[in-house]
>>> print(open('query-v4.cif').read())   # mmCIF, C-alpha atoms
data_protein
loop_
_atom_site.group_PDB
_atom_site.id
_atom_site.type_symbol
_atom_site.label_atom_id
_atom_site.label_comp_id
_atom_site.auth_asym_id
_atom_site.auth_seq_id
_atom_site.Cartn_x
_atom_site.Cartn_y
_atom_site.Cartn_z
ATOM 1 C CA MET A 213 -5.769 4.639 7.846
ATOM 2 C CA ARG A 214 -7.911 7.750 7.940
ATOM 3 C CA GLU A 215 -7.349 10.998 6.151
ATOM 4 C CA GLN A 216 -6.288 13.478 8.823
ATOM 5 C CA GLU A 217 -4.488 16.750 9.280
ATOM 6 C CA ASN A 218 -1.579 17.739 11.486
ATOM 7 C CA GLY A 219 0.706 20.703 11.980
ATOM 8 C CA ARG A 220 3.769 20.389 9.781
ATOM 9 C CA ARG A 221 6.630 22.044 7.961
ATOM 10 C CA THR A 222 6.898 21.858 4.217
ATOM 11 C CA ALA A 223 10.286 20.149 3.896
ATOM 12 C CA ARG A 224 10.186 16.524 2.716
ATOM 13 C CA ALA A 225 12.673 13.687 2.577
ATOM 14 C CA THR A 226 13.960 13.301 -0.969
ATOM 15 C CA SER A 227 14.371 10.193 -3.056
ATOM 16 C CA HIS A 228 18.059 10.263 -2.113
ATOM 17 C CA THR A 229 17.313 9.766 1.594
ATOM 18 C CA PRO A 230 18.831 6.398 2.631
ATOM 19 C CA VAL A 231 16.523 3.639 3.834
ATOM 20 C CA MET A 232 16.459 3.660 7.630
ATOM 21 C CA ASP A 233 16.931 0.351 9.430
ATOM 22 C CA LEU A 234 14.320 -1.303 11.620
ATOM 23 C CA ASP A 235 14.855 -3.310 14.805
ATOM 24 C CA LEU A 236 12.560 -6.208 13.928
ATOM 25 C CA PRO A 237 12.013 -9.694 15.397
ATOM 26 C CA ALA A 238 14.222 -12.403 13.916
ATOM 27 C CA GLY A 239 13.061 -13.711 10.552
ATOM 28 C CA LEU A 240 11.278 -10.538 9.440
ATOM 29 C CA THR A 241 12.526 -8.315 6.638
ATOM 30 C CA HIS A 242 11.609 -4.843 5.438
ATOM 31 C CA ARG A 243 11.737 -2.778 2.267
ATOM 32 C CA PRO A 244 10.065 0.282 0.685
ATOM 33 C CA LEU A 245 6.647 -0.436 -0.769
ATOM 34 C CA THR A 246 5.519 -0.164 -4.378
ATOM 35 C CA LEU A 247 2.096 0.384 -5.902
ATOM 36 C CA ALA A 248 1.838 -3.373 -6.376
ATOM 37 C CA ASP A 249 1.804 -3.735 -2.567
ATOM 38 C CA ALA A 250 -1.427 -1.735 -2.226
ATOM 39 C CA PRO A 251 -3.719 -4.820 -1.935
ATOM 40 C CA ALA A 252 -1.554 -6.279 0.835
ATOM 41 C CA VAL A 253 -1.541 -2.933 2.670
ATOM 42 C CA LEU A 254 -5.320 -2.761 2.362
ATOM 43 C CA ALA A 255 -5.562 -6.279 3.812
ATOM 44 C CA ALA A 256 -3.445 -5.251 6.823
ATOM 45 C CA ILE A 257 -5.527 -2.122 7.431
ATOM 46 C CA ALA A 258 -8.769 -4.074 7.102
ATOM 47 C CA ALA A 259 -7.602 -6.823 9.464
ATOM 48 C CA GLU A 260 -6.824 -4.261 12.177
ATOM 49 C CA GLU A 261 -10.085 -2.383 11.667
ATOM 50 C CA VAL A 262 -12.185 -5.558 11.838
ATOM 51 C CA VAL A 263 -10.638 -6.338 15.236
ATOM 52 C CA ASP A 264 -10.911 -2.759 16.507
ATOM 53 C CA LEU A 265 -14.211 -1.697 14.934
ATOM 54 C CA GLY A 266 -15.998 -4.833 13.789
ATOM 55 C CA GLU A 267 -15.681 -3.909 10.097
ATOM 56 C CA SER A 268 -13.477 -1.995 7.684
ATOM 57 C CA THR A 269 -14.570 0.693 5.236
ATOM 58 C CA MET A 270 -11.180 1.172 3.604
ATOM 59 C CA THR A 271 -10.861 0.504 -0.119
ATOM 60 C CA LEU A 272 -8.061 -0.134 -2.555
ATOM 61 C CA GLU A 273 -8.889 3.214 -4.185
ATOM 62 C CA ASP A 274 -8.249 4.963 -0.853
ATOM 63 C CA VAL A 275 -4.725 3.562 -0.704
ATOM 64 C CA GLU A 276 -3.883 4.025 -4.366
ATOM 65 C CA SER A 277 -5.232 7.569 -4.730
ATOM 66 C CA ASP A 278 -3.126 8.664 -1.764
ATOM 67 C CA TRP A 279 0.019 7.060 -3.194
ATOM 68 C CA LEU A 280 -0.585 8.476 -6.681
ATOM 69 C CA ARG A 281 -0.445 12.125 -5.582
ATOM 70 C CA PRO A 282 2.129 13.918 -7.771
ATOM 71 C CA SER A 283 4.061 15.235 -4.764
ATOM 72 C CA TYR A 284 4.289 11.848 -3.054
ATOM 73 C CA ASP A 285 7.327 9.568 -3.260
ATOM 74 C CA ILE A 286 6.329 6.045 -2.256
ATOM 75 C CA ALA A 287 9.935 4.822 -2.216
ATOM 76 C CA THR A 288 10.979 7.193 0.582
ATOM 77 C CA SER A 289 7.649 7.515 2.384
ATOM 78 C CA THR A 290 6.794 3.866 3.074
ATOM 79 C CA VAL A 291 8.203 0.739 4.604
ATOM 80 C CA GLY A 292 6.715 -2.741 4.601
ATOM 81 C CA VAL A 293 7.542 -5.521 7.068
ATOM 82 C CA PHE A 294 7.472 -9.056 5.662
ATOM 83 C CA ASP A 295 7.398 -12.593 6.999
ATOM 84 C CA GLY A 296 8.627 -14.382 3.905
ATOM 85 C CA ASP A 297 6.422 -13.031 1.120
ATOM 86 C CA GLN A 298 3.584 -11.945 3.420
ATOM 87 C CA LEU A 299 3.240 -8.280 4.377
ATOM 88 C CA VAL A 300 2.597 -8.269 8.117
ATOM 89 C CA ALA A 301 2.924 -4.530 8.814
ATOM 90 C CA TYR A 302 3.576 -1.237 7.113
ATOM 91 C CA ALA A 303 4.168 2.450 7.801
ATOM 92 C CA ASP A 304 3.477 5.395 5.518
ATOM 93 C CA LEU A 305 4.589 8.978 6.146
ATOM 94 C CA SER A 306 1.716 10.331 4.073
ATOM 95 C CA ALA A 307 2.557 13.976 4.784
ATOM 96 C CA PRO A 308 5.513 15.538 6.605
ATOM 97 C CA SER A 309 3.892 14.986 10.016
ATOM 98 C CA VAL A 310 1.015 12.589 9.254
ATOM 99 C CA ALA A 311 1.643 8.842 9.363
ATOM 100 C CA TYR A 312 -0.433 5.721 8.759
ATOM 101 C CA THR A 313 0.512 2.278 10.093
ATOM 102 C CA ALA A 314 -1.000 -1.174 10.503
ATOM 103 C CA VAL A 315 0.175 -4.469 11.983
ATOM 104 C CA LEU A 316 -1.667 -7.730 11.369
ATOM 105 C CA PRO A 317 -3.425 -8.667 14.630
ATOM 106 C CA ASP A 318 -1.618 -12.012 14.974
ATOM 107 C CA HIS A 319 1.732 -10.190 14.761
ATOM 108 C CA GLN A 320 0.933 -7.525 17.368
ATOM 109 C CA GLY A 321 2.816 -7.548 20.658
ATOM 110 C CA ARG A 322 6.135 -8.485 19.001
ATOM 111 C CA GLY A 323 7.656 -4.987 18.942
ATOM 112 C CA ILE A 324 6.850 -4.316 15.269
ATOM 113 C CA GLY A 325 4.653 -1.305 16.053
ATOM 114 C CA THR A 326 7.373 0.197 18.234
ATOM 115 C CA ALA A 327 9.912 -0.280 15.434
ATOM 116 C CA LEU A 328 7.585 1.363 12.908
ATOM 117 C CA ALA A 329 6.995 4.296 15.272
ATOM 118 C CA GLY A 330 10.747 4.830 15.426
ATOM 119 C CA TRP A 331 11.011 4.647 11.631
ATOM 120 C CA VAL A 332 8.218 7.193 11.216
ATOM 121 C CA GLN A 333 9.832 9.583 13.685
ATOM 122 C CA ASP A 334 13.235 9.283 12.018
ATOM 123 C CA ARG A 335 11.729 9.804 8.560
ATOM 124 C CA ALA A 336 9.665 12.811 9.672
ATOM 125 C CA ARG A 337 12.675 14.345 11.413
ATOM 126 C CA ALA A 338 14.817 13.830 8.324
ATOM 127 C CA GLY A 339 12.163 15.647 6.298
ATOM 128 C CA GLY A 340 12.252 18.692 8.574
ATOM 129 C CA SER A 341 9.129 18.122 10.674
ATOM 130 C CA ASP A 342 9.044 18.964 14.359
ATOM 131 C CA ARG A 343 6.024 16.743 15.101
ATOM 132 C CA VAL A 344 4.471 13.551 13.735
ATOM 133 C CA GLY A 345 1.307 11.689 14.594
ATOM 134 C CA SER A 346 -1.454 9.359 13.545
ATOM 135 C CA GLN A 347 -5.106 8.616 14.161
ATOM 136 C CA MET A 348 -6.397 5.291 15.482
ATOM 137 C CA PRO A 349 -9.543 3.846 17.058
ATOM 138 C CA GLU A 350 -9.927 4.887 20.682
ATOM 139 C CA GLY A 351 -8.740 2.158 23.041
ATOM 140 C CA SER A 352 -7.242 0.025 20.264
ATOM 141 C CA ALA A 353 -3.874 -1.716 20.535
ATOM 142 C CA ALA A 354 -2.345 1.046 18.392
ATOM 143 C CA ASP A 355 -3.866 3.747 20.609
ATOM 144 C CA ARG A 356 -2.492 2.107 23.742
ATOM 145 C CA LEU A 357 0.942 1.645 22.182
ATOM 146 C CA MET A 358 1.200 5.265 21.052
ATOM 147 C CA ARG A 359 0.099 6.481 24.471
ATOM 148 C CA ASP A 360 2.785 4.324 26.103
ATOM 149 C CA LEU A 361 5.381 5.685 23.636
ATOM 150 C CA GLY A 362 4.609 9.250 24.733
ATOM 151 C CA TYR A 363 2.245 10.411 21.994
ATOM 152 C CA GLU A 364 -0.194 13.022 23.320
ATOM 153 C CA ALA A 365 -3.863 13.146 22.348
ATOM 154 C CA LEU A 366 -4.587 16.261 20.269
ATOM 155 C CA TRP A 367 -8.195 15.774 19.207
ATOM 156 C CA THR A 368 -11.017 13.269 18.947
ATOM 157 C CA ALA A 369 -12.639 12.203 15.674
ATOM 158 C CA TRP A 370 -15.766 10.228 14.862
ATOM 159 C CA ASP A 371 -17.154 8.158 12.029
ATOM 160 C CA LEU A 372 -20.874 8.785 11.567
ATOM 161 C CA GLU A 373 -23.341 6.819 9.462
ATOM 162 C CA LEU A 374 -26.770 7.418 8.000
ATOM 163 C CA PRO A 375 -28.392 4.038 8.792
ATOM 164 C CA PRO A 376 -29.842 2.153 5.809
ATOM 165 C CA GLU A 377 -33.367 2.315 7.198
ATOM 166 C CA ARG A 378 -33.229 6.071 7.881
ATOM 167 C CA GLU A 379 -35.529 8.061 5.628
ATOM 168 C CA ILE A 380 -33.856 10.824 3.652
ATOM 169 C CA VAL A 381 -35.936 13.928 4.277
ATOM 170 C CA ALA A 382 -35.641 16.566 1.565
ATOM 171 C CA ARG A 383 -34.001 19.839 2.611
ATOM 172 C CA PRO A 384 -34.839 22.644 0.161
ATOM 173 C CA LEU A 385 -32.190 25.147 -0.891
ATOM 174 C CA PRO A 386 -32.900 28.888 -0.587
ATOM 175 C CA ASP A 387 -34.584 30.590 -3.527
ATOM 176 C CA GLY A 388 -32.247 31.027 -6.478
ATOM 177 C CA VAL A 389 -29.711 28.510 -5.158
ATOM 178 C CA THR A 390 -29.044 25.335 -7.159
ATOM 179 C CA VAL A 391 -26.882 22.225 -6.865
ATOM 180 C CA SER A 392 -25.335 20.374 -9.797
ATOM 181 C CA ASP A 393 -22.392 18.212 -10.862
ATOM 182 C CA ALA A 394 -19.037 19.928 -11.207
ATOM 183 C CA SER A 395 -17.500 20.177 -14.668
ATOM 184 C CA PRO A 396 -13.745 20.065 -15.348
ATOM 185 C CA SER A 397 -13.749 23.862 -15.582
ATOM 186 C CA ASP A 398 -15.121 24.055 -11.998
ATOM 187 C CA ARG A 399 -12.338 22.053 -10.386
ATOM 188 C CA GLU A 400 -9.995 24.874 -9.430
ATOM 189 C CA ALA A 401 -12.830 26.878 -7.853
ATOM 190 C CA ALA A 402 -13.986 23.803 -5.895
ATOM 191 C CA TRP A 403 -10.426 23.178 -4.712
ATOM 192 C CA THR A 404 -10.108 26.792 -3.534
ATOM 193 C CA LEU A 405 -13.407 26.754 -1.631
ATOM 194 C CA LEU A 406 -12.812 23.397 0.050
ATOM 195 C CA GLU A 407 -9.204 24.107 0.970
ATOM 196 C CA ASP A 408 -10.088 27.572 2.306
ATOM 197 C CA ALA A 409 -12.769 26.009 4.508
ATOM 198 C CA PHE A 410 -10.584 23.215 5.891
ATOM 199 C CA LEU A 411 -7.678 25.587 6.529
ATOM 200 C CA GLU A 412 -9.861 27.650 8.862
ATOM 201 C CA TRP A 413 -9.334 25.063 11.606
ATOM 202 C CA SER A 414 -6.494 22.772 10.503
ATOM 203 C CA ASP A 415 -2.822 23.632 11.004
ATOM 204 C CA ARG A 416 -1.277 22.523 7.722
ATOM 205 C CA ASP A 417 -0.131 23.793 4.357
ATOM 206 C CA ARG A 418 -2.529 24.145 1.442
ATOM 207 C CA VAL A 419 -2.790 20.960 -0.610
ATOM 208 C CA SER A 420 -1.807 21.586 -4.219
ATOM 209 C CA LEU A 421 -4.466 21.385 -6.923
ATOM 210 C CA ASP A 422 -2.749 18.331 -8.412
ATOM 211 C CA ASP A 423 -2.618 16.448 -5.104
ATOM 212 C CA PHE A 424 -6.189 17.476 -4.293
ATOM 213 C CA GLY A 425 -7.359 16.247 -7.674
ATOM 214 C CA ALA A 426 -5.594 12.897 -7.297
ATOM 215 C CA ARG A 427 -7.948 12.132 -4.400
ATOM 216 C CA ILE A 428 -11.101 13.287 -6.207
ATOM 217 C CA TRP A 429 -11.299 13.387 -10.016
ATOM 218 C CA GLY A 430 -8.140 11.288 -10.310
ATOM 219 C CA ARG A 431 -9.600 8.568 -8.098
ATOM 220 C CA THR A 432 -10.430 5.289 -9.846
ATOM 221 C CA GLY A 433 -14.140 5.158 -10.689
ATOM 222 C CA TYR A 434 -14.725 8.921 -10.440
ATOM 223 C CA GLU A 435 -18.025 10.108 -11.920
ATOM 224 C CA PRO A 436 -19.257 13.717 -12.309
ATOM 225 C CA TRP A 437 -21.870 13.323 -9.535
ATOM 226 C CA ASN A 438 -19.062 12.662 -7.027
ATOM 227 C CA LEU A 439 -18.289 16.403 -6.892
ATOM 228 C CA ARG A 440 -21.388 18.557 -6.384
ATOM 229 C CA LEU A 441 -21.424 22.359 -6.368
ATOM 230 C CA VAL A 442 -23.950 24.810 -4.930
ATOM 231 C CA ARG A 443 -24.347 28.155 -6.724
ATOM 232 C CA ASP A 444 -26.465 31.261 -6.400
ATOM 233 C CA ALA A 445 -28.549 32.806 -9.175
ATOM 234 C CA ARG A 446 -25.478 34.627 -10.529
ATOM 235 C CA GLY A 447 -23.499 31.406 -10.754
ATOM 236 C CA GLU A 448 -21.196 32.186 -7.815
ATOM 237 C CA LEU A 449 -19.910 29.153 -5.950
ATOM 238 C CA LEU A 450 -21.345 28.854 -2.420
ATOM 239 C CA GLY A 451 -20.483 25.295 -1.402
ATOM 240 C CA ALA A 452 -19.056 21.957 -2.517
ATOM 241 C CA THR A 453 -19.460 18.284 -1.614
ATOM 242 C CA HIS A 454 -17.252 15.322 -2.518
ATOM 243 C CA VAL A 455 -18.904 11.912 -2.149
ATOM 244 C CA HIS A 456 -17.777 8.580 -3.583
ATOM 245 C CA LEU A 457 -18.837 4.955 -3.455
ATOM 246 C CA ALA A 458 -16.947 2.183 -1.713
ATOM 247 C CA GLY A 459 -17.718 -1.509 -1.976
ATOM 248 C CA GLY A 460 -18.854 -3.201 1.232
ATOM 249 C CA ASP A 461 -17.873 -6.644 2.488
ATOM 250 C CA ASP A 462 -21.098 -8.041 1.042
ATOM 251 C CA GLY A 463 -20.568 -6.384 -2.341
ATOM 252 C CA THR A 464 -23.169 -3.693 -1.679
ATOM 253 C CA PRO A 465 -21.693 -0.207 -2.150
ATOM 254 C CA SER A 466 -21.622 2.384 0.606
ATOM 255 C CA ALA A 467 -21.139 6.118 0.163
ATOM 256 C CA TYR A 468 -18.465 8.212 1.852
ATOM 257 C CA VAL A 469 -18.899 11.987 2.100
ATOM 258 C CA ALA A 470 -15.205 12.839 2.010
ATOM 259 C CA LYS A 471 -15.507 16.632 1.987
ATOM 260 C CA ILE A 472 -18.263 19.188 2.461
ATOM 261 C CA ALA A 473 -17.904 22.933 2.916
ATOM 262 C CA VAL A 474 -19.885 26.155 2.627
ATOM 263 C CA ARG A 475 -18.360 29.564 1.965
ATOM 264 C CA PRO A 476 -18.105 31.478 5.279
ATOM 265 C CA ASP A 477 -20.416 34.323 4.274
ATOM 266 C CA GLN A 478 -23.125 31.815 3.260
ATOM 267 C CA ARG A 479 -23.281 29.790 6.460
ATOM 268 C CA GLY A 480 -26.430 29.708 8.530
ATOM 269 C CA ARG A 481 -28.703 29.570 5.466
ATOM 270 C CA GLY A 482 -29.346 25.840 5.609
ATOM 271 C CA LEU A 483 -27.011 24.993 2.720
ATOM 272 C CA ALA A 484 -24.982 22.287 4.472
ATOM 273 C CA PRO A 485 -27.976 20.105 5.496
ATOM 274 C CA ALA A 486 -29.396 20.379 1.968
ATOM 275 C CA MET A 487 -26.001 19.430 0.508
ATOM 276 C CA LEU A 488 -25.749 16.382 2.769
ATOM 277 C CA VAL A 489 -29.235 15.213 1.864
ATOM 278 C CA ASP A 490 -28.393 15.707 -1.821
ATOM 279 C CA ALA A 491 -25.276 13.533 -1.388
ATOM 280 C CA PHE A 492 -27.203 10.822 0.487
ATOM 281 C CA ALA A 493 -29.986 10.736 -2.113
ATOM 282 C CA LEU A 494 -27.567 10.547 -5.038
ATOM 283 C CA ALA A 495 -25.613 7.779 -3.329
ATOM 284 C CA ARG A 496 -28.747 5.723 -2.800
ATOM 285 C CA ALA A 497 -29.746 6.313 -6.409
ATOM 286 C CA HIS A 498 -26.359 4.821 -7.379
ATOM 287 C CA GLY A 499 -26.853 1.718 -5.244
ATOM 288 C CA ALA A 500 -25.457 2.705 -1.841
ATOM 289 C CA THR A 501 -27.328 1.362 1.167
ATOM 290 C CA ARG A 502 -25.213 3.209 3.748
ATOM 291 C CA SER A 503 -23.723 6.697 3.842
ATOM 292 C CA TYR A 504 -21.003 7.762 6.224
ATOM 293 C CA LEU A 505 -18.432 10.486 6.907
ATOM 294 C CA SER A 506 -15.746 11.467 9.400
ATOM 295 C CA THR A 507 -15.371 14.623 11.474
ATOM 296 C CA ASP A 508 -13.481 15.747 14.567
ATOM 297 C CA THR A 509 -13.564 18.168 17.467
ATOM 298 C CA ARG A 510 -11.742 20.911 15.526
ATOM 299 C CA ALA A 511 -14.477 21.232 12.909
ATOM 300 C CA GLY A 512 -17.369 21.491 15.378
ATOM 301 C CA ALA A 513 -19.790 19.928 12.882
ATOM 302 C CA ARG A 514 -20.880 16.741 14.649
ATOM 303 C CA GLY A 515 -24.195 18.301 15.745
ATOM 304 C CA LEU A 516 -25.059 19.194 12.147
ATOM 305 C CA TYR A 517 -24.554 15.616 11.010
ATOM 306 C CA GLU A 518 -26.620 14.216 13.865
ATOM 307 C CA ARG A 519 -29.469 16.607 13.067
ATOM 308 C CA VAL A 520 -29.804 15.102 9.571
ATOM 309 C CA GLY A 521 -30.080 11.612 11.061
ATOM 310 C CA MET A 522 -26.483 10.388 11.273
ATOM 311 C CA VAL A 523 -25.245 8.389 14.268
ATOM 312 C CA VAL A 524 -21.725 7.881 15.643
ATOM 313 C CA THR A 525 -20.338 4.428 14.806
ATOM 314 C CA SER A 526 -16.730 4.755 16.004
ATOM 315 C CA THR A 527 -14.449 7.107 17.924
ATOM 316 C CA TRP A 528 -10.848 7.854 16.961
ATOM 317 C CA VAL A 529 -7.969 9.606 18.720
ATOM 318 C CA ASN A 530 -5.354 11.723 16.979
ATOM 319 C CA ARG A 531 -2.033 11.379 18.785
ATOM 320 C CA SER A 532 1.170 13.247 18.071
ATOM 321 C CA ILE A 533 4.704 13.483 19.428
ATOM 322 C CA ARG A 534 7.274 16.264 19.245
ATOM 323 C CA LEU A 535 10.519 15.348 17.524
#
>>> encode(input="query-v4.cif", output="structure tokens")
Amino acid sequence: MREQENGRRTARATSHTPVMDLDLPAGLTHRPLTLADAPAVLAAIAAEEVVDLGESTMTLEDVESDWLRPSYDIATSTVGVFDGDQLVAYADLSAPSVAYTAVLPDHQGRGIGTALAGWVQDRARAGGSDRVGSQMPEGSAADRLMRDLGYEALWTAWDLELPPEREIVARPLPDGVTVSDASPSDREAAWTLLEDAFLEWSDRDRVSLDDFGARIWGRTGYEPWNLRLVRDARGELLGATHVHLAGGDDGTPSAYVAKIAVRPDQRGRGLAPAMLVDAFALARAHGATRSYLSTDTRAGARGLYERVGMVVTSTWVNRSIRL
């Protein structure tokens, strides 16, 4: 499960949409998920990622903050597959044409993924979308399955990490420019700047302020330093960074730079590298030993991240199919 963007229409299935059936192996059952299923969903995601990537960086907060968006209806947007009481697979139409799925590795190859792909397509079609897709590690079982089912590759994405031993070299801001924590009164301006920046290259609708906030200041454990703003001497907003901590397998927190953007007329001044270094330094000051982020070919920012010392740790493929 990775936050991603896809072309889509705005229509959504309503809570009155009937549950669609699944062609599952004998003995398995399915039902819509509830918030109480979040730990089991996280376990399924993590199990797949450990096989595909060697580790998982997903957290319970990632799952819950996505499901707690005001516009989201978990009852019509999810389905869980169960072997008795154990969740063995799930699908989530997170946005009209963006889906997340996972199947426990020891249940792969039984046709569950194919059944979930059909469910996702039916649900997206019922909601008015003309395309639906997902993002998965390159060469993984899910990637191979989606390719075989006719999903075309749209773009490539990467996870990058600042290694624990890498020295954080200070990057000064231009004269008169400062960086500080966002206050509640700054949230709408930060939302506008970040959404404007991401909509330059992504084909999607603008995320509402409420849904945007559910993933940032509404996220469990949010602290003011998680949203940092860059301003000029007049107080005008020039850039914004969202970074949060995630617990590692060994209990040591890591930092994830979820969003970073600079206003178009301020690019080329060295703001973005300074903002990244600020995020890395703050994360380390709060106990993080690793810092990482995700980007893709549409954003064209991989070179920037590598120049501040980050290295690619995994490659992902975004695949989509027309409905």
>>> closest_residue(input="query-v4.cif", among="A:Leu505, A:Leu535, A:Ala303, A:Leu449", to="Glu518 of chain A", atoms="all atoms listed in the file")
A:Leu505
>>> closest_residue(input="query-v4.cif", among="A:Met522, A:Trp429, A:Asp398, A:Leu457", to="Gly499 of chain A", atoms="all atoms listed in the file")
A:Leu457
>>> closest_residue(input="query-v4.cif", among="A:Tyr284, A:Tyr468, A:Tyr434, A:Tyr302", to="Glu260 of chain A", atoms="only C-alpha atoms")
A:Tyr302
>>> atom_distance(input="query-v4.cif", atom1="atom CA of Gly321 of chain A", atom2="atom CA of Ile257 of chain A")
16.6 Å
>>> resolve_selection(input="query-v4.cif", expression="the PyMOL selection byres ((chain A and resi 364-376) around 10)", output="ChimeraX atom specification")
/A:216,218,345-350,355,358-363,377-380,466-468,492,496,500-511,514,517-518,520-534
>>> atom_distance(input="query-v4.cif", atom1="atom CA of Ser309 of chain A", atom2="atom CA of Gly330 of chain A")
13.4 Å
>>> atom_distance(input="query-v4.cif", atom1="atom CA of Ala473 of chain A", atom2="atom CA of Glu261 of chain A")
27.9 Å
>>> axis_aligned_box(input="query-v4.cif", around="segment 378-387 of chain A", padding_each_side="6 Å", output="AutoDock Vina command-line options")
--center_x -34.1 --center_y 18.3 --center_z 2.2 --size_x 15.7 --size_y 36.5 --size_z 23.4
>>> closest_residue(input="query-v4.cif", among="A:Leu494, A:Ala409, A:Ala238, A:Val263", to="Gly351 of chain A", atoms="only C-alpha atoms")
A:Val263
>>> closest_residue(input="query-v4.cif", among="A:Ile472, A:Val293, A:Ala493, A:Leu516", to="Asp408 of chain A", atoms="all atoms listed in the file")
A:Ile472
>>> resolve_selection(input="query-v4.cif", expression="the PyMOL selection byres ((chain A and resi 381-394) around 7)", output="PyMOL selection string")
chain A and resi 379-380+395-396+398+436-437+439-445+483+485-486+489
>>> resolve_selection(input="query-v4.cif", expression="the PyMOL selection byres ((chain A and resi 253) around 10)", output="PDB file with C-alpha atoms, in the frame of the given file")
ATOM      1  CA  LEU A 245       6.647  -0.436  -0.769  1.00  0.00           C
ATOM      2  CA  LEU A 247       2.096   0.384  -5.902  1.00  0.00           C
ATOM      3  CA  ALA A 248       1.838  -3.373  -6.376  1.00  0.00           C
ATOM      4  CA  ASP A 249       1.804  -3.735  -2.567  1.00  0.00           C
ATOM      5  CA  ALA A 250      -1.427  -1.735  -2.226  1.00  0.00           C
ATOM      6  CA  PRO A 251      -3.719  -4.820  -1.935  1.00  0.00           C
ATOM      7  CA  ALA A 252      -1.554  -6.279   0.835  1.00  0.00           C
ATOM      8  CA  LEU A 254      -5.320  -2.761   2.362  1.00  0.00           C
ATOM      9  CA  ALA A 255      -5.562  -6.279   3.812  1.00  0.00           C
ATOM     10  CA  ALA A 256      -3.445  -5.251   6.823  1.00  0.00           C
ATOM     11  CA  ILE A 257      -5.527  -2.122   7.431  1.00  0.00           C
ATOM     12  CA  ALA A 258      -8.769  -4.074   7.102  1.00  0.00           C
ATOM     13  CA  ALA A 259      -7.602  -6.823   9.464  1.00  0.00           C
ATOM     14  CA  LEU A 272      -8.061  -0.134  -2.555  1.00  0.00           C
ATOM     15  CA  VAL A 275      -4.725   3.562  -0.704  1.00  0.00           C
ATOM     16  CA  GLY A 292       6.715  -2.741   4.601  1.00  0.00           C
ATOM     17  CA  LEU A 299       3.240  -8.280   4.377  1.00  0.00           C
ATOM     18  CA  VAL A 300       2.597  -8.269   8.117  1.00  0.00           C
ATOM     19  CA  ALA A 301       2.924  -4.530   8.814  1.00  0.00           C
ATOM     20  CA  TYR A 302       3.576  -1.237   7.113  1.00  0.00           C
ATOM     21  CA  ALA A 303       4.168   2.450   7.801  1.00  0.00           C
ATOM     22  CA  THR A 313       0.512   2.278  10.093  1.00  0.00           C
ATOM     23  CA  ALA A 314      -1.000  -1.174  10.503  1.00  0.00           C
ATOM     24  CA  VAL A 315       0.175  -4.469  11.983  1.00  0.00           C
ATOM     25  CA  LEU A 316      -1.667  -7.730  11.369  1.00  0.00           C
TER      26      LEU A 316
END
>>> closest_residue(input="query-v4.cif", among="A:Ala495, A:Ala484, A:Ile428, A:Ala513", to="Asp274 of chain A", atoms="all atoms listed in the file")
A:Ile428
>>> residues_near_point(input="query-v4.cif", point="(8.6, 2.6, 13.9)", cutoff="10 Å", atoms="all atoms listed in the file", output="list in words")
Asp233, Leu234, Asp235, Leu236, Val291, Tyr302, Ala303, Thr313, Gly323, Ile324, Gly325, Thr326, Ala327, Leu328, Ala329, Gly330, Trp331, Val332, Gln333, Asp334 and Arg335 of chain A
